[in-house]
Each structure stands twice: as structure tokens, then as C-alpha cells.
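Asks: Next up is a structure, given as C-alpha cells.
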Amino acid sequence: MKEQSIKSAKSVFQIEIDCIKGLEERFDEQAFSKAVELLKNAPRIGTSGCGHSGIMCQHFTHLLCCVEQPARFISPAEAVHGATGYLQKGDVMVFASRGGKTGELLPILDICKTKGVKVITVTENLDSPLAKGADVVLKQYVNRETDKYNSQGTTSTTSLCLIFHALQNALIEETDYKNEQFAIIHPGGAVGERLNKK
């Protein structure tokens, strides 16, 4: 392997450490609390994003289901072909878009507004359409992507993932979710074996 390849690989750690520190420093407790309150009281939760943001939204949807908050990832492609029928008045939609103006998500925002669905947007751009149309905005922070061109969805994915992890942790506390409940819905694998050990 080239020496530069090793150097590049090792640089990832410091770049992402700096991102995590920056994200923590910018933590907005008021906005975060509002987001948690909306999620806690939502009959249903939808999530949507494109590319790496969409993949992280799918991860967040699973995390929500693991603490028994009914959630579904709504594909931007399917959303405008009927999938937003899942969302009803009083539900919550979570958008993830670093730039806050992802074209595929804007029609979904309009649908949410028409149906009375609350919106949480995670974005860096507070002046973007997805931020301005949201009930709550959680500001994402990204120092730079890890690759030398600063273009691959790496650090930005880590940043978004941390925000979603923080939300799930808060929901566990706010709903007083018990490990015994998790044991019922997670009997599979090594985790299920540990949780259900007699």
C-alpha cells in the first residue's frame, strides 16, 4: 500500500473527532427538547432523505422502532406516488438534508403542511426551504468530509448519525423505556439471547 494511502486513512480519525467536538459545542438544547417532545407524542413518525442522508434516516427509523415509537422510512421516490398516505394529522416527519434544499424532499414538505404533519429538519443551512418550512430545526455541523476532495458523504454521515443517536437516547429517558420491553421485540441474535437469559 502507498504511504499516502495509510496517511489518508489515519487522517479520518482526527477529522471525525473534530466534527464530533464541534457538533457537541453547537448543541441547541431548546431545539433538541422540542424535537424530542414532538417525537415522543407522535402517533406515527416518517423519515426521509436522499443518498447517505436517506440511509441514515433508515437507520433512525429502526432505532425508533427499537424503542417502540412507530416509524417508517418514506422513500422520496415513493412519497409523491402515495406513500405519504402513511402520515396523518398530528404525525411527525423528519427530513435530513445537509444543504436543506434537496429537490426530491420539497414536494413532501408541501404534503406535510397540507396534511397538518409536524416537521423536524436536520440541516446545516438554516436559511434553506426545508429549514424554513420546519416546526423544529436541528443544526447539523460538518467540518469537512474525510476524503482529499472533501466530497464523499463521510463526516456528514457521522454527524447526522450522532444527532439521531442522541434523539433515541433522550426518547428512552423521556418515555421511561425498559430493557424488558426491548427483550420482547428483540429475541433474535446475541442481543436477544442476553436480554432473555433466564
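Ordered as shown in the C-alpha cells, chains take letters A, B, and onward, while each chain numbers its residues from 1 and ligands are numbered from 1 in the order shown.
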Would you kindly return, as a JSON list (two decimals) with C-alpha atoms, in the first residue's frame, each protein, DNA or RNA residue with an atom no farther than 8 Å from any atom of segment 22-39 of chain A, considering only C-alpha atoms and excluding same-chain residues fewer than 5 positions away?

Replies:
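And here's result_18.json as it stands now:
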[["chain", "number", "residue", "atom", "x", "y", "z"],
["A", 45, "ILE", "CA", -43.14, 9.10, 12.56],
["A", 69, "GLN", "CA", -42.01, 4.60, 18.51],
["A", 92, "VAL", "CA", -44.17, 13.88, 12.63],
["A", 118, "LYS", "CA", -45.28, 18.36, 12.11],
["A", 120, "ILE", "CA", -38.35, 18.26, 12.04],
["A", 136, "VAL", "CA", -38.13, 22.40, 14.59],
["A", 137, "VAL", "CA", -34.65, 22.63, 13.06],
["A", 138, "LEU", "CA", -31.70, 20.64, 14.41],
["A", 139, "LYS", "CA", -28.49, 22.20, 13.12],
["A", 140, "GLN", "CA", -26.00, 19.79, 11.66],
["A", 141, "TYR", "CA", -22.30, 20.63, 11.81],
["A", 142, "VAL", "CA", -19.70, 19.25, 9.42],
["A", 143, "ASN", "CA", -16.11, 20.49, 9.43],
["A", 159, "SER", "CA", -22.65, 13.94, 12.16],
["A", 167, "LEU", "CA", -32.55, 11.67, 19.92],
["A", 170, "ALA", "CA", -33.39, 11.10, 25.03],
["A", 171, "LEU", "CA", -36.54, 9.22, 23.98]]

Asks: Using only C-alpha atoms for the distances, tell me which of A:Thr114, A:Tyr149, A:Val119, A:Ser75 is nearest to Val94 of chain A.

Replies: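 Among the listed residues, the smallest separation from Val94 of chain A belongs to A:Val119.
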
Asks: Quick one: DSSP strand (DSSP E or B) residues in segment 9-174 of chain A, as an MDAnalysis selection string?

Replies: chainID A and resid 45:48 71:73 92:96 118:123 136:139

Asks: Limited to C-alpha atoms, could you put the picked residues into a file as an mmCIF file, in the first residue's frame?

Replies:
data_model
loop_
_atom_site.group_PDB
_atom_site.id
_atom_site.type_symbol
_atom_site.label_atom_id
_atom_site.label_comp_id
_atom_site.auth_asym_id
_atom_site.auth_seq_id
_atom_site.Cartn_x
_atom_site.Cartn_y
_atom_site.Cartn_z
ATOM 1 C CA ILE A 45 -43.138 9.104 12.555
ATOM 2 C CA GLY A 46 -41.870 9.309 8.995
ATOM 3 C CA THR A 47 -38.284 9.940 7.916
ATOM 4 C CA SER A 48 -36.896 10.883 4.523
ATOM 5 C CA ALA A 71 -41.796 4.807 12.391
ATOM 6 C CA ARG A 72 -41.315 4.287 8.680
ATOM 7 C CA PHE A 73 -38.747 5.467 6.162
ATOM 8 C CA VAL A 92 -44.172 13.877 12.631
ATOM 9 C CA MET A 93 -41.910 13.859 9.575
ATOM 10 C CA VAL A 94 -38.128 14.009 9.920
ATOM 11 C CA PHE A 95 -36.147 15.355 6.968
ATOM 12 C CA ALA A 96 -32.375 15.056 6.682
ATOM 13 C CA LYS A 118 -45.279 18.357 12.107
ATOM 14 C CA VAL A 119 -41.814 18.658 10.564
ATOM 15 C CA ILE A 120 -38.346 18.255 12.041
ATOM 16 C CA THR A 121 -35.469 19.119 9.704
ATOM 17 C CA VAL A 122 -31.809 18.267 10.293
ATOM 18 C CA THR A 123 -29.629 20.534 8.169
ATOM 19 C CA VAL A 136 -38.127 22.398 14.591
ATOM 20 C CA VAL A 137 -34.647 22.629 13.064
ATOM 21 C CA LEU A 138 -31.696 20.644 14.406
ATOM 22 C CA LYS A 139 -28.491 22.205 13.118
#

Asks: Taking 3 positions as the minimum chain separation for residues in the same chain, which residues sit within 12 Å of Asn196 of chain A when counting only C-alpha atoms? Answer as a PyMOL selection string.

Replies: chain A and resi 179-193

Asks: For a test of reading the model, state the distance in Å between atom CA of Asp18 of chain A and atom CA of Phe164 of chain A, rounded to one decimal.

Replies: 18.4 Å

Asks: Taking only segment 39-146 of chain A into account, list the residues labelled helix (DSSP H, G or I) by DSSP (computed from the backbone), as a VMD selection string.

Replies: chain A and resid 39 to 41 51 to 66 76 to 79 83 to 86 106 to 115 129 to 132

Asks: Rank nothing, just name the residue among A:Leu106, A:Val12, A:Ile17, A:Ile172 nearest to Leu63 of chain A, using only C-alpha atoms.

Replies: A:Ile172

Asks: Fewer than 6 positions away in the same chain doesn't count, so skip those; otherwise give me all residues within 9 Å of Thr157 of chain A, counting only C-alpha atoms, as a PyMOL selection string.

Replies: chain A and resi 52-53+55-56

Asks: Each residue of segment 88-161 of chain A with at least one atom at most 9 Å from segment 6-10 of chain A should appear once, together with its nearest atom pair and the corresponding distance in Å (one decimal); atoms considered: only C-alpha atoms; ordering: chain, then increasing residue number; output as a Markdown table.

Replies:
| residue | atom | partner | partner_atom | distance |
| --- | --- | --- | --- | --- |
| A:Thr146 | CA | A:Ser8 | CA | 8.4 |
| A:Asp147 | CA | A:Ser8 | CA | 7.7 |
| A:Lys148 | CA | A:Ser8 | CA | 7.9 |

Asks: Can you work out the spacing between atom CA of His59 of chain A and atom CA of Gly100 of chain A in Å, to one decimal?

Replies: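 Pair atom CA of His59 of chain A / atom CA of Gly100 of chain A returns 19.6 Å.
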
Asks: Could you give me, as a short mmCIF file (atom, residue, chain, number, x, y, z; two decimals) with N, CA and C atoms, in the first residue's frame, the residues within 8 Å of segment 77-81 of chain A, counting only C-alpha atoms and dropping anything in the same chain fewer than 3 positions from it?

Replies:
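Dumped to selection34.cif:
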data_model
loop_
_atom_site.label_atom_id
_atom_site.label_comp_id
_atom_site.auth_asym_id
_atom_site.auth_seq_id
_atom_site.Cartn_x
_atom_site.Cartn_y
_atom_site.Cartn_z
N ILE A 74 -39.77 6.83 4.46
CA ILE A 74 -40.57 7.08 3.25
C ILE A 74 -39.61 7.49 2.14
N THR A 84 -46.99 8.91 1.17
CA THR A 84 -47.25 9.87 2.25
C THR A 84 -48.64 9.68 2.85
N GLU A 104 -35.95 16.58 -4.20
CA GLU A 104 -36.89 15.47 -4.05
C GLU A 104 -37.71 15.57 -2.76
N PRO A 107 -41.46 18.53 -2.36
CA PRO A 107 -42.88 18.18 -2.50
C PRO A 107 -43.43 17.47 -1.27
N ILE A 108 -42.59 16.71 -0.59
CA ILE A 108 -43.04 16.01 0.62
C ILE A 108 -43.32 17.02 1.72
#

Asks: What's the separation between atom CA of Asp91 of chain A and atom CA of Ala42 of chain A, in Å to one decimal place?

Replies: 5.1 Å

Asks: Of the candidates A:Glu173, A:Glu145, A:Glu124, A:Glu16, which one gets nearest to Ser97 of chain A if we count only C-alpha atoms?

Replies: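 Checking each candidate against Ser97 of chain A, we get A:Glu124 as the closest.
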